[in-house]
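Below is one structure, written out as structure tokens; the observations come after it.
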Amino acid sequence: MLRIMGKKLGAPGFTALPAGLALRSYSSSAKQMTIREAINSALDEEMAADQSVFLMGEEVGEYQGAYKVSKGLLQKYGPERVVDTPITECGFTGIGVGAAFYGLRPVVEFMTFNFAMQAMDQIINSAAKTNYMSSGNISVPIVFRGPNGAAAGVGAQHSQCYAAWYGSCPGLKVLIPYSSEDARGLLKAAIRDPDPVVFLENELLYGEAFPVSAEVLDSGFCIPIGKAKIEREGKHVTITAFSKMVGFSLQAAEILAKDGIDAEVINLRSIRPLDRATINASVRKTNRLLTVEEGFPQHGVGAEICASIVEDSFGYLDAPVERITGADVPLPYAANLERMALPQVEDIVRAAKRACYRSLPIAATA
Amino acid sequence: MAFSATTKIIQPMYINSARSPDKSDSCNKILSPSSFLGSNNKLFSISKTISPLSRRSATVVAVSSDVVKKKKVESNPASNLLITKEEGLELYEDMILGRAFEDMCAQMYYRGKMFGFVHLYNGQEAVSTGFIKLLGNRDCVVSTYRDHVHALSKGVPARAVMSELFGKATGCCRGQGGSMHMFSKEHNVLGGFAFIGEGIPVATGAAFTSKYRREALKEDCDDVTLAFFGDGTCNNGQFFECLNMAALWKLPIVFVVENNLWAIGMSHLRATSDPQIWKKGPAFGMPGVHVDGMDVLKVREVAKEAITRARRGEGPTLVECETYRFRGHSLADPDELRDPAEKAHYATRDPITALKKYLMENSLASEAELTAIEKKIEEVVEEAVEFADKSPVPARSQLLENVFADPRGFGIGPDGKYRCEDPKFTEGTAQV
């Protein structure tokens with residue numbers, strides 16, 4: 001049974017098949033596309049279609065992208081449209097916001113979203129709040145994108161997941177793709193959207209390949225913002241996840257299937273606005289919920305989903321909501337500690353069994 | 001800790017236009033080891049005394065002298081004056097509007113019609129008028145929380161600004177922004193920012209857009225952006241980041257420092273290692289100019305050069321305007337730390353009085369004409385207050401509007417359809 005080796009496969013260029021695919025056969029016409037290629041092609045097509053779209057960030061031009069995501073774009077569009085910036089997050093994010101105020105459609109790349117903390121003032125105060133403060137006078141059609149969450153042994157300051165932070169802010173749309181289809185469709189939707197969008201990628205997924213249909217490859221392909229996707233239908237327990245955790249959840253679902261637990265896996269795709277309707281409908285069907293995320297537990301995405309279910313579908317729950325999150329510590333460096341601090345497939349399986357009362361309930365553990 | 005001390009000499013406005021702006025300024029700066037006006041601390045002059053001549057660094061003179069001399073020859077062959085009668089009256093009217101409006105704001109605040117944080121611009125009108133009256137409609141202005149007068153100078157109607165301050169639905173942002181967040185797409189006022197330094201990158205971005213339009217989109221675009229900010233901001237990281245990028249990419253922007261010597265209660269000299277802000281320009285490769293910000297004509301001359309430079313594609317300029325705010329930092333500030341002698345000194349340099357004197361002495365306008373303007377502005381401001389008073393407060397449904405330009409941002413409703421398509425959504429009782 002093929003397992004994605006998660007963080008150990010961070011090297012660019014490595015491709016691996018997602019779990020479950022090894023057991024299915026598919027027609028030879030399904031093309032494989034890595035996330036890197038998906039994002040690159042989406043940027044390429046949107047820049048070709050609209051002259052006011054431009055990319056700015058550190059190393060996006062001559063270096064071809066810190067993770068080679070913007071490869072070839074400088075050669076194709078020139079330095080006016082693919083702008084290498086100095087190391088001044090706050091400054092160049094503000095420049096992007098100002099350009100968006102005044103009529104262009106910037107895509108601001110952060111080398112990781114950890115560095116975006118230096119630009120938080122511009123993202124929240126200038127970008128997110130301006131359409132409201134100016135009462136619709138000035139809209140901000142900007143996209144902030146870059147890797148988010150843990151990579152492989154990069155230490156605490158390079159590994160935080162920001163989905164919950166940005167997700168709590170009105171005025172932002174927060175998207176977080178899993179597969180290549182998600183990456184392409186959501187990025188195109190984000191660039192075309194007239195509002196500020198935070199697009200959270202994942203460094204370890206850049207090299208992973210997913211099958212894409214001809215529809216996805218079409219240059220007009222877009223995924224609606226605010227709708228989650230049910231990656232796997234099931235009837236016993238609902239698992240919500242985003243980004244890399246979707247892959248882990250799918251693997252966990254395969255393992256659970258052997259034990260007779262049929263898990264439904266929802267790929268959130270959009271943290272803000274959160275697709276509460278889909279999640280609630282699913283919980284009303286399965287009566288059990290498990291939320292999976294890589295970020296810190298307190299005030300996380302899972303907490304919000306749990307509150308939403310309690311508000312809307314309390315009567316349908318047959319078991320307490322289980323939250324799987326990263327450990328409540330800054331991420332350690334040692335490989336074994338890091339592994340313990342992030343959710344693994346076994347954690348998801350164990351929690352699902354707890355939710356289905358197949359194992360003894362345990363007290364809260366780190 | 002040692003500070004450099006400067007004493008400002010009371011100077012009447014110079015009428016002889018042959019003098020370049022910087023020359024007249026630097027000759028007025030004389031150092032003395034006595035305590036400077038403003039702080040209660042006794043200050044000591046340090047060894048790096050600055051003589052009047054050393055202020056005129058090569059960069060500064062190079063920018064000022066040629067263009068000003070040229071201008072003098074071109075624009076007014078018949079006279080030695082810097083402005084025509086029409087321009088003079090326009091400048092006067094704009095400054096009176098700024099002053100009358102801000103005074104009315106103070107009154108309204110103490111009557112409870114305005115609330116929150118209100119920062120008034122009294123005393124600094126020369127900077128706003130001197131710069132903004134040279135701009136076209138498509139040029140942008142980005143300001144800080146002290147933005148009422150910038151918005152007015154740029155053309156936002158007084159009634160719209162007053163309504164916004166009252167929090168009414170007819171305000172320029174329909175009451176959603178408030179005193180510190182004046183936005184106008186029509187007049188290209190891009191805010192209004194509460195955090196100091198926050199507006200500088202935004203202004204740099206607008207300038208970037210202008211350059212992008214010219215170079216990447218091949219449009220005919222020479223729009224200039226002005227970024228206004230204070231002395232306190234000049235110690236903030238964002239300021240330096242933007243000086244670097246603006247000079248690096250030769251963006252069409254003018255960084256206008258309104259150095260009023262005080263950041264709330266923090267004196268500029270206590271907060272800054274080298275208080276001469278104009279020097280920070282050449283460190284990044286752009287000209288740094290110092291100008292007397294209480295003299296609208298001098299400001300205007302420097303502004304003309306800086307804006308023309310930017311329009312020609314030669315890049316940014318840093319202009320330090322030495323000015324003063326007659327009132328406290330905000331209407332909630334008791335203003336106890338500033339020396340009354342300092343305030344009295346600057347009151348004698350009131351830019352409006354100075355311009356009035358200039359216009360009358362040079363027979364550009366008569367007392368009657370100026371009084372007529374003052375009356376007219378008084379009426380405009382009163383009408384603005386009446387208008388704001390009579391305007392309705394925002395409707396409940398306005399609370400949830402405009403979070404996104406695309407209302408679908410509110411996502412999918414419980415019935416599976418987009419929330420924005422639900423007619424009940426903006427009725428004020430929607431559960432978000």
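Within each chain, counting starts at residue 1; across the structure tokens, chains are named A, B, ... in the order shown, with ligands numbered 1 upward in that order.
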
Practice item. Find the residues around Leu104 (chain A) up to 8 Å (only C-alpha atoms counted), leave out those fewer than 3 positions away in its own chain, and share them as an MDAnalysis selection string. Key: (chainID A and resid 52:53 99:101 141) or (chainID B and resid 209)

Exercise for review: Kindly provide, as JSON, numbers by chain, the residues of chain A having any atom no farther than 6 Å from an atom of chain B, counting only C-alpha atoms.
Suggested key: {"A": [80, 91, 94, 95, 96, 97, 98, 99, 102, 132, 133, 134, 135, 136, 137, 171, 194, 195, 226, 273, 277]}

With all heavy atoms retained, write the just-selected residues as a CSV table (one decimal), in the first residue's frame.
chain,number,residue,atom,x,y,z
A,80,GLU,N,9.1,43.8,-16.1
A,80,GLU,CA,8.1,44.8,-15.6
A,80,GLU,C,6.9,44.0,-15.0
A,80,GLU,O,6.2,44.5,-14.1
A,80,GLU,CB,7.5,45.6,-16.7
A,80,GLU,CG,8.4,46.5,-17.4
A,80,GLU,CD,9.1,45.9,-18.6
A,80,GLU,OE1,8.6,44.8,-18.9
A,80,GLU,OE2,10.0,46.5,-19.1
A,91,GLY,N,7.1,46.5,3.0
A,91,GLY,CA,7.2,47.4,1.9
A,91,GLY,C,6.6,46.9,0.6
A,91,GLY,O,5.7,47.6,0.1
A,94,GLY,N,2.8,46.3,0.8
A,94,GLY,CA,2.1,47.6,0.7
A,94,GLY,C,2.1,48.1,-0.7
A,94,GLY,O,1.1,48.7,-1.1
A,95,ILE,N,3.2,47.9,-1.4
A,95,ILE,CA,3.2,48.4,-2.8
A,95,ILE,C,2.2,47.6,-3.6
A,95,ILE,O,1.5,48.2,-4.4
A,95,ILE,CB,4.7,48.2,-3.4
A,95,ILE,CG1,5.6,49.2,-2.8
A,95,ILE,CG2,4.6,48.3,-4.9
A,95,ILE,CD1,7.0,49.2,-3.4
A,96,GLY,N,2.1,46.3,-3.3
A,96,GLY,CA,1.1,45.5,-4.1
A,96,GLY,C,-0.3,46.0,-3.7
A,96,GLY,O,-1.1,46.2,-4.6
A,97,VAL,N,-0.5,46.3,-2.5
A,97,VAL,CA,-1.9,46.8,-2.1
A,97,VAL,C,-2.2,48.1,-2.7
A,97,VAL,O,-3.2,48.4,-3.2
A,97,VAL,CB,-2.0,46.9,-0.5
A,97,VAL,CG1,-3.2,47.6,-0.1
A,97,VAL,CG2,-1.8,45.5,0.1
A,98,GLY,N,-1.2,49.0,-2.7
A,98,GLY,CA,-1.4,50.3,-3.4
A,98,GLY,C,-1.6,50.2,-4.8
A,98,GLY,O,-2.5,50.9,-5.4
A,99,ALA,N,-0.9,49.3,-5.5
A,99,ALA,CA,-1.2,49.0,-6.9
A,99,ALA,C,-2.6,48.5,-7.1
A,99,ALA,O,-3.3,48.9,-8.1
A,99,ALA,CB,-0.1,48.1,-7.5
A,102,TYR,N,-5.1,51.2,-7.0
A,102,TYR,CA,-5.1,52.1,-8.1
A,102,TYR,C,-5.4,51.5,-9.4
A,102,TYR,O,-5.2,52.1,-10.4
A,102,TYR,CB,-3.8,52.8,-8.1
A,102,TYR,CG,-3.7,54.2,-8.8
A,102,TYR,CD1,-4.8,55.0,-8.8
A,102,TYR,CD2,-2.6,54.6,-9.4
A,102,TYR,CE1,-4.8,56.2,-9.4
A,102,TYR,CE2,-2.6,55.8,-10.1
A,102,TYR,CZ,-3.7,56.6,-10.1
A,102,TYR,OH,-3.6,57.8,-10.7
A,132,TYR,N,-14.3,47.8,2.9
A,132,TYR,CA,-15.4,48.1,3.9
A,132,TYR,C,-15.2,49.6,4.3
A,132,TYR,O,-16.2,50.3,4.4
A,132,TYR,CB,-15.2,47.2,5.1
A,132,TYR,CG,-16.4,47.3,6.1
A,132,TYR,CD1,-17.6,46.6,5.8
A,132,TYR,CD2,-16.3,48.0,7.2
A,132,TYR,CE1,-18.6,46.7,6.7
A,132,TYR,CE2,-17.3,48.1,8.1
A,132,TYR,CZ,-18.5,47.4,7.9
A,132,TYR,OH,-19.6,47.5,8.7
A,133,MET,N,-14.0,50.0,4.7
A,133,MET,CA,-13.8,51.3,5.2
A,133,MET,C,-14.2,52.4,4.2
A,133,MET,O,-14.6,53.5,4.6
A,133,MET,CB,-12.4,51.5,5.6
A,133,MET,CG,-12.0,50.8,6.9
A,133,MET,SD,-10.5,51.5,7.6
A,133,MET,CE,-9.3,51.1,6.4
A,134,SER,N,-14.0,52.1,2.9
A,134,SER,CA,-14.3,53.1,1.9
A,134,SER,C,-15.6,52.8,1.4
A,134,SER,O,-16.0,53.5,0.4
A,134,SER,CB,-13.2,53.0,0.8
A,134,SER,OG,-13.4,51.8,0.1
A,135,SER,N,-16.4,51.9,2.0
A,135,SER,CA,-17.8,51.7,1.6
A,135,SER,C,-17.9,51.3,0.1
A,135,SER,O,-18.7,51.8,-0.6
A,135,SER,CB,-18.6,52.9,1.9
A,135,SER,OG,-20.0,52.5,2.0
A,136,GLY,N,-17.0,50.4,-0.4
A,136,GLY,CA,-17.1,50.0,-1.8
A,136,GLY,C,-16.4,50.9,-2.8
A,136,GLY,O,-16.3,50.6,-3.9
A,137,ASN,N,-15.9,52.0,-2.3
A,137,ASN,CA,-15.2,52.9,-3.2
A,137,ASN,C,-14.0,52.3,-3.8
A,137,ASN,O,-13.7,52.5,-5.0
A,137,ASN,CB,-14.7,54.1,-2.3
A,137,ASN,CG,-15.3,55.4,-2.7
A,137,ASN,OD1,-15.5,55.7,-3.9
A,137,ASN,ND2,-15.6,56.2,-1.7
A,171,GLY,N,-13.1,40.3,5.4
A,171,GLY,CA,-12.5,41.1,4.3
A,171,GLY,C,-11.5,40.3,3.5
A,171,GLY,O,-11.1,40.7,2.5
A,194,PRO,N,-12.3,40.1,-7.3
A,194,PRO,CA,-12.0,41.5,-7.0
A,194,PRO,C,-11.6,41.8,-5.6
A,194,PRO,O,-11.5,42.9,-5.2
A,194,PRO,CB,-13.3,42.2,-7.4
A,194,PRO,CG,-14.4,41.2,-7.1
A,194,PRO,CD,-13.8,39.9,-7.5
A,195,ASP,N,-11.4,40.7,-4.8
A,195,ASP,CA,-11.2,41.0,-3.4
A,195,ASP,C,-9.8,40.4,-3.0
A,195,ASP,O,-9.3,39.5,-3.7
A,195,ASP,CB,-12.3,40.3,-2.5
A,195,ASP,CG,-13.6,41.1,-2.7
A,195,ASP,OD1,-13.6,42.3,-2.4
A,195,ASP,OD2,-14.6,40.4,-3.0
A,226,GLY,N,-15.5,29.2,-1.8
A,226,GLY,CA,-16.5,29.0,-0.8
A,226,GLY,C,-17.2,27.6,-0.8
A,226,GLY,O,-18.1,27.4,-0.1
A,273,PRO,N,-14.7,32.1,2.7
A,273,PRO,CA,-15.8,31.6,3.6
A,273,PRO,C,-15.8,30.1,3.7
A,273,PRO,O,-15.5,29.4,2.8
A,273,PRO,CB,-17.0,32.1,2.8
A,273,PRO,CG,-16.5,32.3,1.4
A,273,PRO,CD,-15.1,32.5,1.4
A,277,ALA,N,-22.3,24.7,5.0
A,277,ALA,CA,-23.5,23.9,4.5
A,277,ALA,C,-23.0,22.4,4.2
A,277,ALA,O,-23.7,21.5,4.6
A,277,ALA,CB,-24.1,24.5,3.3

Check your understanding: What residues in region 13-222 of chain A get the DSSP label alpha helix (DSSP H)? Please answer as a VMD selection string.
Key -> chain A and resid 35 to 49 73 to 77 89 to 101 120 129 to 133 163 to 167 180 to 192 214 to 217

Exercise for review: Would you kindly return, as JSON, numbers by chain, each protein, DNA or RNA residue with an atom no farther than 10 Å from any atom of Glu181 (chain A), considering only C-alpha atoms and excluding same-chain residues fewer than 3 positions away?
Suggested key: {"A": [33, 34, 35, 38, 39, 177, 178, 184, 185, 186, 187, 210, 211, 212, 213, 215, 216, 217, 221, 222, 223]}

Write out, as a PDB file, in the first residue's frame, the residues just selected, with N, CA, C and O atoms.
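The resulting file, selection-v6.pdb, is reproduced below:
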ATOM      1  N   MET A  33      -0.264  16.003 -13.346  1.00  0.00           N
ATOM      2  CA  MET A  33       0.275  17.355 -13.233  1.00  0.00           C
ATOM      3  C   MET A  33       0.681  17.590 -11.791  1.00  0.00           C
ATOM      4  O   MET A  33      -0.089  17.292 -10.880  1.00  0.00           O
ATOM      5  N   THR A  34       1.885  18.118 -11.576  1.00  0.00           N
ATOM      6  CA  THR A  34       2.278  18.410 -10.200  1.00  0.00           C
ATOM      7  C   THR A  34       1.650  19.739  -9.775  1.00  0.00           C
ATOM      8  O   THR A  34       1.231  20.542 -10.597  1.00  0.00           O
ATOM      9  N   ILE A  35       1.638  19.952  -8.471  1.00  0.00           N
ATOM     10  CA  ILE A  35       1.088  21.214  -7.970  1.00  0.00           C
ATOM     11  C   ILE A  35       1.898  22.388  -8.520  1.00  0.00           C
ATOM     12  O   ILE A  35       1.354  23.431  -8.884  1.00  0.00           O
ATOM     13  N   ALA A  38       0.803  23.078 -11.823  1.00  0.00           N
ATOM     14  CA  ALA A  38      -0.556  23.622 -11.811  1.00  0.00           C
ATOM     15  C   ALA A  38      -0.528  25.110 -11.501  1.00  0.00           C
ATOM     16  O   ALA A  38      -1.167  25.918 -12.174  1.00  0.00           O
ATOM     17  N   ILE A  39       0.245  25.480 -10.470  1.00  0.00           N
ATOM     18  CA  ILE A  39       0.292  26.903 -10.104  1.00  0.00           C
ATOM     19  C   ILE A  39       0.975  27.708 -11.199  1.00  0.00           C
ATOM     20  O   ILE A  39       0.519  28.798 -11.575  1.00  0.00           O
ATOM     21  N   PRO A 177      -5.520  24.916  -1.366  1.00  0.00           N
ATOM     22  CA  PRO A 177      -5.743  23.777  -2.272  1.00  0.00           C
ATOM     23  C   PRO A 177      -5.066  22.518  -1.771  1.00  0.00           C
ATOM     24  O   PRO A 177      -4.147  22.565  -0.941  1.00  0.00           O
ATOM     25  N   TYR A 178      -5.526  21.375  -2.299  1.00  0.00           N
ATOM     26  CA  TYR A 178      -4.862  20.120  -2.029  1.00  0.00           C
ATOM     27  C   TYR A 178      -4.282  19.539  -3.319  1.00  0.00           C
ATOM     28  O   TYR A 178      -3.088  19.376  -3.461  1.00  0.00           O
ATOM     29  N   ARG A 184      -4.973  24.780  -9.488  1.00  0.00           N
ATOM     30  CA  ARG A 184      -5.239  25.533 -10.718  1.00  0.00           C
ATOM     31  C   ARG A 184      -6.538  26.327 -10.608  1.00  0.00           C
ATOM     32  O   ARG A 184      -6.578  27.532 -10.819  1.00  0.00           O
ATOM     33  N   GLY A 185      -7.592  25.609 -10.274  1.00  0.00           N
ATOM     34  CA  GLY A 185      -8.906  26.248 -10.275  1.00  0.00           C
ATOM     35  C   GLY A 185      -9.020  27.363  -9.251  1.00  0.00           C
ATOM     36  O   GLY A 185      -9.550  28.437  -9.527  1.00  0.00           O
ATOM     37  N   LEU A 186      -8.499  27.119  -8.051  1.00  0.00           N
ATOM     38  CA  LEU A 186      -8.637  28.131  -7.012  1.00  0.00           C
ATOM     39  C   LEU A 186      -7.735  29.326  -7.290  1.00  0.00           C
ATOM     40  O   LEU A 186      -8.121  30.468  -7.033  1.00  0.00           O
ATOM     41  N   LEU A 187      -6.551  29.102  -7.810  1.00  0.00           N
ATOM     42  CA  LEU A 187      -5.680  30.244  -8.077  1.00  0.00           C
ATOM     43  C   LEU A 187      -6.258  31.111  -9.181  1.00  0.00           C
ATOM     44  O   LEU A 187      -6.246  32.342  -9.117  1.00  0.00           O
ATOM     45  N   PHE A 210      -0.899  14.846  -9.502  1.00  0.00           N
ATOM     46  CA  PHE A 210      -2.277  14.384  -9.416  1.00  0.00           C
ATOM     47  C   PHE A 210      -2.812  14.277 -10.834  1.00  0.00           C
ATOM     48  O   PHE A 210      -2.392  15.006 -11.719  1.00  0.00           O
ATOM     49  N   PRO A 211      -3.782  13.397 -11.052  1.00  0.00           N
ATOM     50  CA  PRO A 211      -4.364  13.327 -12.393  1.00  0.00           C
ATOM     51  C   PRO A 211      -5.271  14.535 -12.619  1.00  0.00           C
ATOM     52  O   PRO A 211      -5.970  14.966 -11.708  1.00  0.00           O
ATOM     53  N   VAL A 212      -5.214  15.076 -13.834  1.00  0.00           N
ATOM     54  CA  VAL A 212      -6.102  16.185 -14.167  1.00  0.00           C
ATOM     55  C   VAL A 212      -6.827  15.882 -15.464  1.00  0.00           C
ATOM     56  O   VAL A 212      -6.234  15.375 -16.404  1.00  0.00           O
ATOM     57  N   SER A 213      -8.089  16.220 -15.483  1.00  0.00           N
ATOM     58  CA  SER A 213      -8.877  15.965 -16.694  1.00  0.00           C
ATOM     59  C   SER A 213      -8.700  17.097 -17.685  1.00  0.00           C
ATOM     60  O   SER A 213      -8.117  18.133 -17.366  1.00  0.00           O
ATOM     61  N   GLU A 215     -10.879  19.064 -18.680  1.00  0.00           N
ATOM     62  CA  GLU A 215     -11.623  20.251 -18.229  1.00  0.00           C
ATOM     63  C   GLU A 215     -10.723  21.138 -17.373  1.00  0.00           C
ATOM     64  O   GLU A 215     -10.744  22.359 -17.468  1.00  0.00           O
ATOM     65  N   VAL A 216      -9.933  20.476 -16.524  1.00  0.00           N
ATOM     66  CA  VAL A 216      -9.056  21.235 -15.635  1.00  0.00           C
ATOM     67  C   VAL A 216      -7.992  21.974 -16.424  1.00  0.00           C
ATOM     68  O   VAL A 216      -7.560  23.065 -16.063  1.00  0.00           O
ATOM     69  N   LEU A 217      -7.559  21.394 -17.516  1.00  0.00           N
ATOM     70  CA  LEU A 217      -6.491  22.002 -18.300  1.00  0.00           C
ATOM     71  C   LEU A 217      -6.971  23.179 -19.139  1.00  0.00           C
ATOM     72  O   LEU A 217      -6.170  23.954 -19.640  1.00  0.00           O
ATOM     73  N   PHE A 221     -10.808  27.345 -16.771  1.00  0.00           N
ATOM     74  CA  PHE A 221     -11.237  26.539 -15.628  1.00  0.00           C
ATOM     75  C   PHE A 221     -11.114  27.302 -14.314  1.00  0.00           C
ATOM     76  O   PHE A 221     -10.072  27.833 -13.987  1.00  0.00           O
ATOM     77  N   CYS A 222     -12.202  27.337 -13.548  1.00  0.00           N
ATOM     78  CA  CYS A 222     -12.189  28.012 -12.253  1.00  0.00           C
ATOM     79  C   CYS A 222     -12.999  27.187 -11.272  1.00  0.00           C
ATOM     80  O   CYS A 222     -13.973  26.565 -11.655  1.00  0.00           O
ATOM     81  N   ILE A 223     -12.599  27.241 -10.024  1.00  0.00           N
ATOM     82  CA  ILE A 223     -13.401  26.555  -8.998  1.00  0.00           C
ATOM     83  C   ILE A 223     -14.079  27.627  -8.160  1.00  0.00           C
ATOM     84  O   ILE A 223     -13.441  28.630  -7.822  1.00  0.00           O
TER      85      ILE A 223
END

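Between Ala319 (chain A) and the residues A:Thr286, A:Thr130, A:Ala355, A:Val349, the shortest atom-to-atom distance, using only C-alpha atoms, involves A:Ala355.
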
Check your understanding: Neighbours of Gly288 (chain B) within 8 Å (only C-alpha atoms; same-chain residues fewer than 4 positions away dropped), as number ranges by chain?
Key -> B: 59-60, 278-282, 317-320

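Counting only C-alpha atoms, the residue from B:Gly313, B:Gly293, B:Pro334, B:Gly167 that sits nearest to Glu125 (chain B) is B:Gly293.
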
Point to revise | Within 10 Å of Gly149 (chain A) using only C-alpha atoms, minus same-chain residues under 4 positions, as a list in words | key: Thr112, Phe113, Asn114, His158, Ser159, Gln160, Cys161, Tyr162, Ala163, Leu200, Glu201, Asn202, Glu203, Leu204, Ser243, Lys244, Glu293, Glu294 and Gly295 of chain A

Dump as a PDB file, in the first residue's frame, selection limited to C-alpha atoms:
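Final output, result.pdb:
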ATOM      1  CA  THR A 112       6.713  31.426   3.102  1.00  0.00           C
ATOM      2  CA  PHE A 113       3.737  32.782   4.970  1.00  0.00           C
ATOM      3  CA  ASN A 114       5.912  32.930   8.046  1.00  0.00           C
ATOM      4  CA  HIS A 158       9.455  28.391   9.206  1.00  0.00           C
ATOM      5  CA  SER A 159       6.674  25.971   9.959  1.00  0.00           C
ATOM      6  CA  GLN A 160       3.580  27.697  11.244  1.00  0.00           C
ATOM      7  CA  CYS A 161       0.197  27.229   9.625  1.00  0.00           C
ATOM      8  CA  TYR A 162      -1.696  30.500   9.198  1.00  0.00           C
ATOM      9  CA  ALA A 163      -5.058  29.218   8.017  1.00  0.00           C
ATOM     10  CA  LEU A 200      -2.049  29.036   1.128  1.00  0.00           C
ATOM     11  CA  GLU A 201       0.058  26.453  -0.661  1.00  0.00           C
ATOM     12  CA  ASN A 202       2.184  23.713   0.824  1.00  0.00           C
ATOM     13  CA  GLU A 203       5.851  23.263   0.100  1.00  0.00           C
ATOM     14  CA  LEU A 204       5.820  19.510   0.425  1.00  0.00           C
ATOM     15  CA  SER A 243      -3.982  20.868   2.284  1.00  0.00           C
ATOM     16  CA  LYS A 244      -1.653  17.988   3.005  1.00  0.00           C
ATOM     17  CA  GLU A 293      -5.410  20.314  10.585  1.00  0.00           C
ATOM     18  CA  GLU A 294      -1.713  20.866  10.913  1.00  0.00           C
ATOM     19  CA  GLY A 295      -1.879  24.142  12.838  1.00  0.00           C
TER      20      GLY A 295
END

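Among the candidates B:Ala271, B:Thr353, B:Asp139, B:Leu364, the residue lying nearest to Val254 (chain B) is B:Asp139 (atoms considered: only C-alpha atoms).
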
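With only C-alpha atoms as the atoms that count, the residue of B:Leu165, B:Leu226, B:Ala344, B:Val256 with the shortest distance to Gly116 (chain B) is B:Leu165.
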
Revision key, fill the gap. Computed gap from CA of Arg323 (chain A) to CA of Val292 (chain A) is 6.2 Å

Check your understanding: Do you know which residues are at most 10 Å from region 309-311 of chain B counting only C-alpha atoms, after dropping those on the same chain fewer than 2 positions away, and could you put them as a ChimeraX atom specification?
Key -> /B:63,207,210,221-225,250-254,303-307,313-317

**Study point:** Residue list (strand (DSSP E), DSSP) for region 106-249 of chain B, as a PyMOL selection string
**Key:** chain B and resi 140-142+183-184+189-190+225-230

Exercise for review: Would you kindly return, as a PyMOL selection string, each protein, DNA or RNA residue with an atom no farther than 9 Å from any atom of Met117 (chain A), considering only C-alpha atoms and excluding same-chain residues fewer than 4 positions away?
Suggested key: chain A and resi 89-90+113+121

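You will find CA of Gly230 (chain B) at 19.4 Å from CA of Asn125 (chain A).
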